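Down below is the structure, laid out as structure tokens.
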Amino acid sequence: MILNGPNLNLLGTRQPEVYGATTLADIEVMCRDAAKSLGVTLEFAQSNHEGMLIDQIHAAKSSQDGIILNAGAYTHTSVAIMDAIASVELPVVEVHLSNIHARETFRHKSYIAPVALGQICGFGATGYILALHALKEHISSS
Ligand code: DQA
């Protein structure tokens, strides 16, 4: 499952100088193409609400093999999302379009990173494709 957090529904028009011109719908198409060639079944979702993201993570426990998560700004604030990931014990790859470590100091802290397999940031939409490959590789070899 690829799960996207707050404000990512606005990609394409949201601060294009930071996040680029690619829309979330474009990213979904790219990911579905990549998933198809990898032989992976994909659920793709977005929510602006922390509790909804947590519910999706809980539901994934029984229906998904892993999660690619761009939690948006909740990355930097949400102990609750960190706890949800730790609770379901699914492999999670953290993705960010921008390089959060090269931005404001408050974006350097990630509550997701300690409970994630790894983090991919700074490669724009390509980061989701890299994450799909990484997660597929991890799941196949474990
Ligand atoms: C983001 C980075 C976050 O700091 C920001 O709040 C976002 C998007 C990214 O994909 O670069 O909403 O997760």
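Following the order of the structure tokens, chains are lettered A, B, ..., residues in each are numbered from 1, and ligands are numbered from 1.
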If we count only C-alpha atoms, what is near stretch 120-128 of chain A at a cut-off of 8 Å, once residues fewer than 6 positions away on the same chain are taken out, given as a list in words?
-> Tyr19, Gly20, Thr22, Ile27, Cys31, Ile68, Val93, Glu94, Val95, His96, Leu97, Ser98, Asn99 and Ile100 of chain A
Take the residues that were just selected and, keeping C-alpha atoms, output them as an mmCIF file, in the first residue's frame.
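again.cif was written with the following content:
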```cif
data_model
loop_
_atom_site.group_PDB
_atom_site.id
_atom_site.type_symbol
_atom_site.label_atom_id
_atom_site.label_comp_id
_atom_site.auth_asym_id
_atom_site.auth_seq_id
_atom_site.Cartn_x
_atom_site.Cartn_y
_atom_site.Cartn_z
ATOM 1 C CA TYR A 19 7.312 19.722 -4.741
ATOM 2 C CA GLY A 20 7.298 19.979 -8.556
ATOM 3 C CA THR A 22 3.525 16.328 -10.768
ATOM 4 C CA ILE A 27 2.202 9.703 -9.093
ATOM 5 C CA CYS A 31 3.254 3.738 -9.221
ATOM 6 C CA ILE A 68 5.158 3.080 1.513
ATOM 7 C CA VAL A 93 9.409 2.657 3.630
ATOM 8 C CA GLU A 94 9.275 6.376 4.405
ATOM 9 C CA VAL A 95 9.151 8.630 1.335
ATOM 10 C CA HIS A 96 9.373 12.391 0.878
ATOM 11 C CA LEU A 97 9.386 14.260 -2.404
ATOM 12 C CA SER A 98 11.687 16.945 -1.017
ATOM 13 C CA ASN A 99 14.965 16.479 0.828
ATOM 14 C CA ILE A 100 13.640 17.117 4.341
#
```
Just asking: which residues within stretch 42-136 of chain A are strand (DSSP E) according to DSSP, as a ChimeraX atom specification?
-> /A:44-46,67-70,92-96,118-121
Quick one: residues within 10 Å of A:His108, only C-alpha atoms counted, chain neighbours fewer than 4 positions away excluded, as a list in words?
-> Thr75, His76, Asn99, Ile100, His101, Ala102, Arg103 and Glu104 of chain A
Extract, using only C-alpha atoms, all DNA, RNA and protein residues at most 9 Å from A:Glu50, discarding same-chain residues fewer than 5 positions from it, and format them as a VMD selection string.
-> chain A and resid 5 to 6 55 71 74 78 80 to 81
Take the selection from the previous step and output its residues with C-alpha atoms, as a compact mmCIF listing (two decimals), in the first residue's frame.
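result30.txt written:
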```txt
# COMPACT_ATOMS: atom_id res chain seq x y z
CA GLY A 5 -0.72 12.24 4.27
CA PRO A 6 -1.95 15.82 4.55
CA ASP A 55 -6.91 3.47 10.68
CA ALA A 71 3.10 11.15 6.09
CA TYR A 74 2.75 14.39 10.40
CA SER A 78 3.03 12.28 15.04
CA ALA A 80 0.56 8.31 17.13
CA ILE A 81 1.53 7.34 13.57
```
